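What follows is the content of work.tsv (TSV, C-alpha atoms).
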chain	number	residue	atom	x	y	z
A	1	MET	CA	0.00	0.00	0.00
A	2	ASP	CA	1.57	3.32	-0.96
A	3	TYR	CA	1.24	6.42	1.09
A	4	GLN	CA	-1.50	7.87	-1.08
A	5	THR	CA	-3.78	4.93	-0.50
A	6	ALA	CA	-3.00	5.06	3.19
A	7	LEU	CA	-3.78	8.77	3.27
A	8	GLY	CA	-6.98	8.15	1.34
A	9	PHE	CA	-8.07	5.75	4.07
A	10	ALA	CA	-6.79	7.58	7.08
A	11	LEU	CA	-7.75	11.18	6.41
A	12	PRO	CA	-11.55	10.83	6.30
A	13	ILE	CA	-11.53	8.37	9.19
A	14	GLY	CA	-9.37	10.65	11.30
A	15	LEU	CA	-11.53	13.66	10.54
A	16	ALA	CA	-14.71	11.74	11.32
A	17	LEU	CA	-13.29	10.54	14.64
A	18	ALA	CA	-12.40	14.11	15.58
A	19	GLY	CA	-15.93	15.07	14.61
A	20	VAL	CA	-17.41	12.39	16.87
A	21	GLY	CA	-15.34	13.54	19.81
A	22	SER	CA	-16.25	17.16	19.41
A	23	ALA	CA	-19.93	16.34	18.84
A	24	LEU	CA	-20.04	14.49	22.15
A	25	GLY	CA	-18.28	17.32	23.93
A	26	LEU	CA	-20.46	19.98	22.38
A	27	GLY	CA	-23.59	18.04	23.22
A	28	ARG	CA	-22.63	17.98	26.88
A	29	ALA	CA	-21.60	21.63	26.95
A	30	VAL	CA	-24.64	23.01	25.19
A	31	GLY	CA	-26.91	20.68	27.16
A	32	SER	CA	-25.62	21.96	30.48
A	33	ALA	CA	-25.88	25.51	29.21
A	34	MET	CA	-29.52	24.98	28.27
A	35	GLU	CA	-30.24	23.47	31.66
A	36	ALA	CA	-28.56	26.36	33.44
A	37	MET	CA	-30.49	28.86	31.33
A	38	GLY	CA	-33.70	27.09	32.24
A	39	ARG	CA	-32.92	27.29	35.93
A	40	GLN	CA	-32.03	30.96	35.92
A	41	PRO	CA	-33.41	32.81	32.91
A	42	GLU	CA	-32.06	36.16	34.08
A	43	ALA	CA	-28.49	34.91	33.71
A	44	ALA	CA	-29.20	33.67	30.21
A	45	GLY	CA	-27.01	36.30	28.53
A	46	LYS	CA	-23.85	35.38	30.41
A	47	ILE	CA	-24.52	31.67	30.13
A	48	GLN	CA	-25.02	31.99	26.40
A	49	LEU	CA	-21.75	33.88	26.04
A	50	GLY	CA	-19.88	31.23	27.97
A	51	MET	CA	-21.54	28.52	25.92
A	52	ILE	CA	-20.46	30.13	22.65
A	53	ILE	CA	-16.88	30.46	23.85
A	54	GLY	CA	-16.80	26.90	25.15
A	55	ALA	CA	-18.26	25.64	21.89
A	56	ALA	CA	-15.62	27.48	19.87
A	57	LEU	CA	-12.84	26.04	22.00
A	58	ILE	CA	-14.18	22.49	21.72
A	59	GLU	CA	-14.69	22.87	18.00
A	60	ALA	CA	-11.12	24.11	17.60
A	61	LEU	CA	-9.88	20.57	18.08
A	62	THR	CA	-11.90	19.33	15.14
A	63	ILE	CA	-10.67	22.30	13.14
A	64	TYR	CA	-7.06	21.32	13.86
A	65	SER	CA	-7.87	17.93	12.38
A	66	LEU	CA	-9.48	19.64	9.38
A	67	VAL	CA	-6.36	21.76	8.86
A	68	GLY	CA	-4.27	18.60	8.88
A	69	PHE	CA	-6.68	17.19	6.32
A	70	PHE	CA	-6.19	20.20	4.03
A	71	VAL	CA	-2.43	20.00	4.30
A	72	LEU	CA	-2.24	16.27	3.64
A	73	SER	CA	-4.95	16.06	0.99
A	74	GLY	CA	-2.67	18.00	-1.32
A	75	LYS	CA	-0.29	15.06	-1.22
A	76	ILE	CA	-2.86	12.66	-2.64
A	77	GLY	CA	-2.95	12.46	-6.37
A	78	GLY	CA	0.58	13.67	-6.75
B	79	MET	CA	-20.13	33.70	-25.55
B	80	SER	CA	-17.25	36.11	-25.34
B	81	LEU	CA	-19.22	38.29	-22.92
B	82	LEU	CA	-19.24	35.55	-20.30
B	83	PRO	CA	-16.06	34.79	-18.36
B	84	HIS	CA	-14.52	31.64	-19.75
B	85	TRP	CA	-15.26	29.63	-16.64
B	86	LEU	CA	-18.99	30.17	-17.00
B	87	VAL	CA	-19.05	28.81	-20.52
B	88	LEU	CA	-20.38	25.31	-20.22
B	89	THR	CA	-19.79	22.59	-22.72
B	90	ALA	CA	-21.60	19.38	-23.45
B	91	HIS	CA	-20.72	17.13	-20.57
B	92	GLY	CA	-20.96	17.35	-16.80
B	93	GLU	CA	-17.31	16.50	-16.30
B	94	GLN	CA	-16.24	19.31	-18.54
B	95	VAL	CA	-18.39	21.59	-16.47
B	96	ALA	CA	-16.42	20.42	-13.48
B	97	ASP	CA	-13.23	21.15	-15.39
B	98	THR	CA	-14.18	24.72	-16.16
B	99	ALA	CA	-15.62	25.16	-12.69
B	100	HIS	CA	-12.42	24.21	-11.00
B	101	ALA	CA	-10.25	25.86	-13.59
B	102	ALA	CA	-12.08	29.01	-12.63
B	103	ALA	CA	-11.44	28.64	-8.97
B	104	GLY	CA	-7.95	29.99	-9.29
B	105	HIS	CA	-4.97	28.68	-7.46
B	106	GLY	CA	-7.06	26.91	-4.87
B	107	ALA	CA	-8.54	24.51	-7.38
B	108	ALA	CA	-8.52	20.75	-6.93
B	109	GLU	CA	-6.62	18.71	-9.42
B	110	GLY	CA	-8.36	16.55	-11.95
B	111	GLY	CA	-12.15	16.70	-11.78
B	112	GLY	CA	-12.91	17.62	-8.20
B	113	LEU	CA	-15.07	20.40	-6.92
B	114	PRO	CA	-13.49	23.82	-6.56
B	115	THR	CA	-11.80	24.67	-3.29
B	116	SER	CA	-12.12	28.42	-3.46
B	117	LEU	CA	-14.24	30.90	-5.32
B	118	PRO	CA	-12.58	33.29	-7.76
B	119	ASN	CA	-12.00	36.83	-6.58
B	120	ALA	CA	-11.08	40.06	-8.34
B	121	VAL	CA	-7.37	39.27	-8.60
B	122	THR	CA	-7.78	35.73	-9.91
B	123	LEU	CA	-10.44	36.84	-12.39
B	124	VAL	CA	-8.22	39.57	-13.81
B	125	ASN	CA	-5.33	37.14	-13.87
B	126	ASP	CA	-7.33	34.58	-15.82
B	127	ALA	CA	-8.76	37.18	-18.19
B	128	LEU	CA	-5.27	38.37	-19.07
B	129	HIS	CA	-4.12	34.71	-19.34
B	130	HIS	CA	-1.62	34.76	-16.48
B	131	PRO	CA	0.80	37.49	-17.51
B	132	GLU	CA	4.39	37.07	-16.46
B	133	THR	CA	5.30	40.74	-16.48
B	134	GLY	CA	3.73	43.87	-15.15
B	135	ILE	CA	1.90	44.29	-11.90
B	136	MET	CA	-0.28	41.16	-12.14
B	137	PRO	CA	2.22	38.54	-10.87
B	138	PHE	CA	2.89	40.74	-7.85
B	139	LEU	CA	-0.82	41.24	-7.17
B	140	HIS	CA	-1.58	37.56	-7.64
B	141	HIS	CA	1.23	36.49	-5.35
B	142	PHE	CA	0.28	38.94	-2.64
B	143	GLU	CA	-3.47	38.88	-3.07
B	144	VAL	CA	-4.00	38.05	0.60
B	145	VAL	CA	-2.04	41.12	1.68
B	146	LEU	CA	-3.87	43.20	-0.92
B	147	PHE	CA	-7.28	42.30	0.46
B	148	ALA	CA	-6.10	42.86	4.02
B	149	PHE	CA	-5.07	46.36	2.97
B	150	VAL	CA	-8.43	46.91	1.28
B	151	ILE	CA	-10.19	46.11	4.56
B	152	LEU	CA	-7.77	48.31	6.50
B	153	THR	CA	-8.39	51.21	4.13
B	154	PHE	CA	-12.14	50.77	4.52
B	155	MET	CA	-11.84	50.83	8.30
B	156	CYS	CA	-9.59	53.88	8.23
B	157	ILE	CA	-11.91	55.77	5.89
B	158	VAL	CA	-14.94	55.07	8.08
B	159	ALA	CA	-13.08	56.01	11.24
B	160	MET	CA	-11.67	59.22	9.83
B	161	ARG	CA	-15.01	60.29	8.39
B	162	VAL	CA	-16.82	59.69	11.67
B	163	TYR	CA	-14.13	61.50	13.67
B	164	LYS	CA	-13.91	64.52	11.41
B	165	ASN	CA	-17.66	65.15	11.32
B	166	ARG	CA	-18.42	64.28	14.93
B	167	LYS	CA	-21.31	66.15	16.48
B	168	LEU	CA	-22.91	66.15	19.88
B	169	ILE	CA	-26.12	64.79	18.38
B	170	PRO	CA	-24.77	62.04	16.20
B	171	GLY	CA	-25.77	61.27	12.65
B	172	ARG	CA	-26.45	57.69	11.60
B	173	LEU	CA	-22.91	56.57	10.85
B	174	GLN	CA	-21.58	58.12	14.03
B	175	ALA	CA	-24.36	56.48	16.05
B	176	ILE	CA	-23.53	53.05	14.66
B	177	VAL	CA	-19.83	53.44	15.30
B	178	GLU	CA	-20.47	54.77	18.81
B	179	MET	CA	-22.71	51.81	19.57
B	180	LEU	CA	-20.02	49.45	18.37
B	181	VAL	CA	-17.23	51.14	20.31
B	182	ASP	CA	-19.30	51.37	23.48
B	183	GLY	CA	-20.41	47.76	23.32
B	184	LEU	CA	-16.90	46.48	22.65
B	185	SER	CA	-15.44	48.67	25.38
B	186	ASN	CA	-17.88	47.40	28.01
B	187	PHE	CA	-17.37	43.83	26.89
B	188	PHE	CA	-13.60	43.87	27.06
B	189	ILE	CA	-13.39	45.91	30.25
B	190	GLY	CA	-15.65	43.28	31.79
B	191	ILE	CA	-13.10	40.61	30.95
B	192	VAL	CA	-9.76	42.30	31.49
B	193	GLY	CA	-10.89	44.17	34.60
B	194	GLU	CA	-11.54	47.77	35.51
B	195	LYS	CA	-7.93	48.76	36.04
B	196	TYR	CA	-6.24	47.53	32.88
B	197	GLY	CA	-9.28	47.25	30.67
B	198	PRO	CA	-9.36	50.74	29.15
B	199	ARG	CA	-5.71	50.45	28.15
B	200	TYR	CA	-6.26	47.37	26.05
B	201	VAL	CA	-9.70	48.10	24.64
B	202	PRO	CA	-8.32	49.78	21.47
B	203	PHE	CA	-6.18	46.76	20.62
B	204	LEU	CA	-8.83	44.18	21.38
B	205	GLY	CA	-11.64	46.14	19.79
B	206	THR	CA	-9.69	46.75	16.61
B	207	LEU	CA	-8.72	43.09	16.55
B	208	PHE	CA	-12.38	42.12	16.70
B	209	VAL	CA	-13.57	44.55	14.02
B	210	TYR	CA	-10.63	43.81	11.71
B	211	ILE	CA	-11.02	40.04	11.91
B	212	LEU	CA	-14.80	40.34	11.54
B	213	LEU	CA	-14.49	42.45	8.40
B	214	MET	CA	-11.84	40.20	6.93
B	215	ASN	CA	-14.00	37.16	7.56
B	216	PHE	CA	-17.03	38.81	5.98
B	217	ALA	CA	-15.01	39.86	2.94
B	218	GLY	CA	-14.95	36.25	1.81
B	219	LEU	CA	-18.72	36.34	1.43
B	220	ILE	CA	-18.74	39.45	-0.74
B	221	PRO	CA	-18.37	38.73	-4.46
B	222	PHE	CA	-14.99	39.63	-5.94
B	223	LEU	CA	-13.38	39.87	-2.52
B	224	HIS	CA	-11.38	37.25	-0.65
B	225	SER	CA	-11.01	36.74	3.07
B	226	SER	CA	-7.41	37.21	4.09
B	227	THR	CA	-7.99	35.17	7.22
B	228	ALA	CA	-8.39	32.12	5.00
B	229	ASN	CA	-4.60	32.14	4.81
B	230	LEU	CA	-2.43	30.88	7.65
B	231	ASN	CA	-0.01	33.79	7.23
B	232	THR	CA	-2.60	36.40	8.20
B	233	THR	CA	-3.90	34.51	11.19
B	234	ALA	CA	-0.39	33.66	12.35
B	235	ALA	CA	0.55	37.34	12.11
B	236	LEU	CA	-2.45	38.32	14.21
B	237	ALA	CA	-1.70	35.59	16.75
B	238	ILE	CA	1.94	36.65	17.00
B	239	CYS	CA	0.81	40.26	17.58
B	240	VAL	CA	-1.45	39.09	20.40
B	241	PHE	CA	1.28	36.91	21.91
B	242	LEU	CA	3.91	39.65	21.86
B	243	HIS	CA	1.48	42.23	23.24
B	244	VAL	CA	0.32	39.96	26.06
B	245	GLN	CA	3.80	38.91	27.13
B	246	GLY	CA	5.14	42.44	26.72
B	247	SER	CA	2.38	43.92	28.87
B	248	ALA	CA	2.92	41.22	31.47
B	249	ILE	CA	6.62	42.04	31.62
B	250	LYS	CA	5.88	45.76	31.75
B	251	HIS	CA	3.31	45.55	34.53
B	252	LEU	CA	4.72	42.71	36.57
B	253	GLY	CA	8.42	43.20	35.98
B	254	ILE	CA	10.60	40.44	34.59
B	255	GLY	CA	11.21	38.80	37.97
B	256	LYS	CA	7.56	38.49	38.86
B	257	TRP	CA	6.72	37.36	35.33
B	258	ILE	CA	9.17	34.46	35.57
B	259	TYR	CA	7.84	33.78	39.09
B	260	HIS	CA	4.36	33.58	37.63
B	261	LEU	CA	5.56	31.24	34.90
B	262	MET	CA	7.12	28.99	37.50
B	263	GLY	CA	3.69	28.52	39.01
B	264	GLU	CA	4.17	30.98	41.92
B	265	PRO	CA	6.00	28.60	44.29
B	266	ARG	CA	5.47	29.34	47.94
B	267	ASP	CA	6.35	26.28	49.99
B	268	VAL	CA	8.83	23.45	49.58
B	269	ILE	CA	6.63	21.24	47.43
B	270	THR	CA	5.87	23.91	44.85
B	271	TRP	CA	9.54	24.88	44.71
B	272	VAL	CA	10.46	21.25	44.06
B	273	LEU	CA	7.88	21.11	41.26
B	274	VAL	CA	9.30	24.17	39.51
B	275	PRO	CA	11.30	22.15	36.93
B	276	ILE	CA	8.00	20.58	35.84
B	277	ASN	CA	5.89	23.71	36.11
B	278	LEU	CA	8.16	26.03	34.20
B	279	PRO	CA	8.31	24.03	30.93
B	280	ILE	CA	4.59	23.30	31.15
B	281	HIS	CA	3.74	26.97	31.54
B	282	ILE	CA	6.16	28.01	28.79
B	283	ILE	CA	4.73	25.45	26.39
B	284	GLY	CA	1.24	26.54	27.39
B	285	GLU	CA	2.08	30.15	26.61
B	286	LEU	CA	3.58	29.16	23.27
B	287	ALA	CA	0.63	26.95	22.41
B	288	LYS	CA	-1.80	29.85	22.75
B	289	PRO	CA	-0.83	31.72	19.55
B	290	PHE	CA	-0.67	28.40	17.67
B	291	SER	CA	-4.19	27.53	18.68
B	292	LEU	CA	-5.47	31.04	17.93
B	293	ALA	CA	-3.97	31.03	14.45
B	294	LEU	CA	-5.02	27.51	13.54
B	295	ARG	CA	-8.54	27.90	14.88
B	296	LEU	CA	-9.25	31.04	12.86
B	297	PHE	CA	-7.53	29.75	9.72
B	298	GLY	CA	-9.24	26.38	9.86
B	299	ASN	CA	-12.70	27.79	10.41
B	300	ILE	CA	-12.53	30.41	7.67
B	301	THR	CA	-10.88	28.11	5.13
B	302	GLY	CA	-13.40	25.41	5.99
B	303	GLU	CA	-16.33	27.68	5.29
B	304	ASP	CA	-14.69	28.96	2.09
B	305	VAL	CA	-14.18	25.40	0.85
B	306	LEU	CA	-17.75	24.49	1.82
B	307	ILE	CA	-19.24	27.39	-0.11
B	308	ALA	CA	-17.02	26.78	-3.11
B	309	ALA	CA	-17.89	23.09	-3.17
B	310	PHE	CA	-21.60	23.85	-3.15
B	311	VAL	CA	-21.20	26.46	-5.86
B	312	GLY	CA	-19.47	23.79	-7.92
B	313	LEU	CA	-22.29	21.36	-7.19
B	314	GLY	CA	-24.84	23.95	-8.20
B	315	VAL	CA	-23.10	24.55	-11.50
B	316	LEU	CA	-22.77	20.80	-12.06
B	317	SER	CA	-26.41	20.17	-11.34
B	318	LEU	CA	-27.55	22.27	-14.29
B	319	GLY	CA	-24.84	20.97	-16.58
B	320	PHE	CA	-27.32	19.08	-18.73
B	321	LEU	CA	-29.10	22.33	-19.58
B	322	HIS	CA	-25.92	24.09	-20.73
B	323	SER	CA	-27.04	27.11	-18.77
B	324	PRO	CA	-24.50	29.73	-17.78
B	325	VAL	CA	-25.66	29.75	-14.19
B	326	GLY	CA	-26.19	27.00	-11.68
B	327	LEU	CA	-28.62	26.42	-8.85
B	328	PRO	CA	-27.86	28.60	-5.82
B	329	LEU	CA	-27.28	25.60	-3.57
B	330	HIS	CA	-24.71	27.46	-1.52
B	331	VAL	CA	-27.09	30.07	-0.05
B	332	PRO	CA	-27.77	28.24	3.26
B	333	PHE	CA	-24.05	27.91	3.74
B	334	ILE	CA	-23.60	31.65	3.30
B	335	PHE	CA	-25.73	32.09	6.42
B	336	LEU	CA	-23.70	29.45	8.23
B	337	ALA	CA	-20.55	31.26	7.14
B	338	LEU	CA	-21.94	34.56	8.51
B	339	LEU	CA	-22.52	32.90	11.86
B	340	THR	CA	-19.16	31.17	12.11
B	341	SER	CA	-17.29	34.27	10.91
B	342	THR	CA	-18.82	36.34	13.70
B	343	ILE	CA	-18.23	33.66	16.30
B	344	GLN	CA	-14.61	33.15	15.29
B	345	ALA	CA	-13.86	36.86	15.35
B	346	LEU	CA	-15.46	37.06	18.79
B	347	VAL	CA	-13.56	34.02	20.07
B	348	PHE	CA	-10.21	35.30	18.82
B	349	SER	CA	-10.52	38.69	20.49
B	350	LEU	CA	-12.15	37.19	23.58
B	351	LEU	CA	-9.32	34.72	24.06
B	352	ALA	CA	-6.82	37.53	23.60
B	353	ALA	CA	-8.64	39.43	26.37
B	354	VAL	CA	-8.63	36.33	28.57
B	355	TYR	CA	-4.87	35.90	28.04
B	356	PHE	CA	-4.39	39.50	29.13
B	357	SER	CA	-6.48	39.01	32.23
B	358	LEU	CA	-4.65	35.81	33.16
B	359	LEU	CA	-1.19	37.33	33.10
B	360	LEU	CA	-1.84	40.82	34.43
B	361	PRO	CA	-1.81	41.31	38.19
B	362	HIS	CA	-5.05	40.16	39.74
B	363	GLU	CA	-7.21	42.74	41.37
B	364	HIS	CA	-7.72	42.29	45.06
B	365	HIS	CA	-11.45	42.62	45.35
B	366	GLU	CA	-13.53	39.52	44.68
B	367	GLU	CA	-14.13	38.89	41.01
B	368	GLU	CA	-17.58	39.36	39.61
B	369	GLU	CA	-18.97	36.28	37.94
As structure tokens, the full file:
Amino acid sequence: MDYQTALGFALPIGLALAGVGSALGLGRAVGSAMEAMGRQPEAAGKIQLGMIIGAALIEALTIYSLVGFFVLSGKIGG
Amino acid sequence: MSLLPHWLVLTAHGEQVADTAHAAAGHGAAEGGGLPTSLPNAVTLVNDALHHPETGIMPFLHHFEVVLFAFVILTFMCIVAMRVYKNRKLIPGRLQAIVEMLVDGLSNFFIGIVGEKYGPRYVPFLGTLFVYILLMNFAGLIPFLHSSTANLNTTAALAICVFLHVQGSAIKHLGIGKWIYHLMGEPRDVITWVLVPINLPIHIIGELAKPFSLALRLFGNITGEDVLIAAFVGLGVLSLGFLHSPVGLPLHVPFIFLALLTSTIQALVFSLLAAVYFSLLLPHEHHEEEE
């Protein structure tokens, strides 16, 4: 198996795994944020801000994997 | 036929449509029959129309198109700022009211994060960072423009600016001795002094990882949404290939809205994290922190 075939297998699988991880994390984070907003609607603005920031940080890990995908996908089809 | 740009001229087969579609997408195009990876902008269109000239100003503009669009956004910001400042009145006109709302909102937001004492000093930097990144992200959604943040060089430059500013302010306000003391984990008793050889490299690597993560996060998000929109534009053109029509279905419109959302969020997160890095390193205020 040459490296291009290996990349062709590994890149989508790696990206999908990163997606699964971040989906689980985001589900927990946004779920707790929703619960907290339900308990205390007057704090909803601050909770929402924290949720957005937390979501961006969690999603950053998937984005790192996507960046690796962009860099390596140029090597396929050389 | 000569009135249409050459990449809009469709030929008989779907795969040739894909060829012209990704030939049109400029230097970001996929090789051999894939969907485009970036939409054409003003510089790539002019470059293609003149058939890639080797001399004159075009190679320079094409090579530095990211810097060119960053300067375009900067010029726009400067023109708006200068116009609002020169014609400022006590009862503001519309443009001045919008800019004042923006400045006031950003100032309150960042002072809330960095603290009352050091907040006002860093609001210009953080606020400009937010507006600049926001406008650069939005530029990718405007036809004929290109978002400079879709290039790792721009985001790395911004992240390096933030890193140097944060560390420089920490050194200026804490002094070098206290800064290194902070990086060692603020050892007080025997155990924390013994753990200094572990703490110091961990903190240094943590400080170095922050600009990396800032740059990669912004670059990855903006490039991802650019590629998404370009791929759906290609799909839209492909879908009407059998009709030989010069336009395709606007399948990418929902993703424009998604791109608006993620552009705003990423600009906010970048400047917010910069503010948080400031607040972490600057001396803590002694009254209890508000939640």
All residues 9 Å or closer to range 160-162 of chain B, all atoms listed in the file, same chain fewer than 5 positions away omitted, as a PyMOL selection string: chain B and resi 155+173-174+177
For a quick test of understanding: name the residues of chain B lying within 12 Å of chain A when counting all atoms listed in the file, and present them as a PyMOL selection string. chain B and resi 106-112+115+187+190-191+228-230+288+290-303+305+339-351+354+368-369
Mind pulling up the distance from CA of Glu178 in chain B to CA of Asn165 in chain B? 13.1 Å
Just how far from CA of Ser225 in chain B is CA of Leu336 in chain B, in Å to one decimal?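 According to the coordinates, CA of Leu336 in chain B and CA of Ser225 in chain B are separated by 15.5 Å.
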Between CA of Ile238 in chain B and CA of Leu219 in chain B, what is the spacing in Å?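 Computing the Euclidean distance for CA of Leu219 in chain B and CA of Ile238 in chain B yields 25.9 Å.
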Which neighbours of range 32-38 of chain A fall inside 10 Å, counting only C-alpha atoms, when residues of the same chain fewer than 2 positions from it are skipped, and could you give them as a list of chain:residue names?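 The residues that qualify are A:Leu26, A:Gly27, A:Arg28, A:Ala29, A:Val30, A:Gln40, A:Pro41, A:Glu42, A:Ala43, A:Ala44, A:Gly45, A:Lys46, A:Ile47, A:Gln48, A:Leu49, A:Gly50, A:Met51, A:Ile52.
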Excluding same-chain residues fewer than 3 positions from range 243-246 of chain B, what lies within 12 Å of it counting all atoms listed in the file, as an MDAnalysis selection string? chainID B and resid 192 199:200 203:204 236:240 249:254 257:258 260:261 282 285:286 288:289 351:360
I'd like the contact shell of Lys75 in chain A - 9 Å cut-off, all atoms listed in the file, skipping same-chain residues fewer than 3 positions apart - returned as an mmCIF file with C-alpha atoms, keeping the file's coordinate frame.
data_model
loop_
_atom_site.group_PDB
_atom_site.id
_atom_site.type_symbol
_atom_site.label_atom_id
_atom_site.label_comp_id
_atom_site.auth_asym_id
_atom_site.auth_seq_id
_atom_site.Cartn_x
_atom_site.Cartn_y
_atom_site.Cartn_z
ATOM 1 C CA GLN A 4 -1.500 7.870 -1.080
ATOM 2 C CA LEU A 7 -3.780 8.770 3.270
ATOM 3 C CA VAL A 71 -2.430 20.000 4.300
ATOM 4 C CA LEU A 72 -2.240 16.270 3.640
ATOM 5 C CA GLY A 78 0.580 13.670 -6.750
#
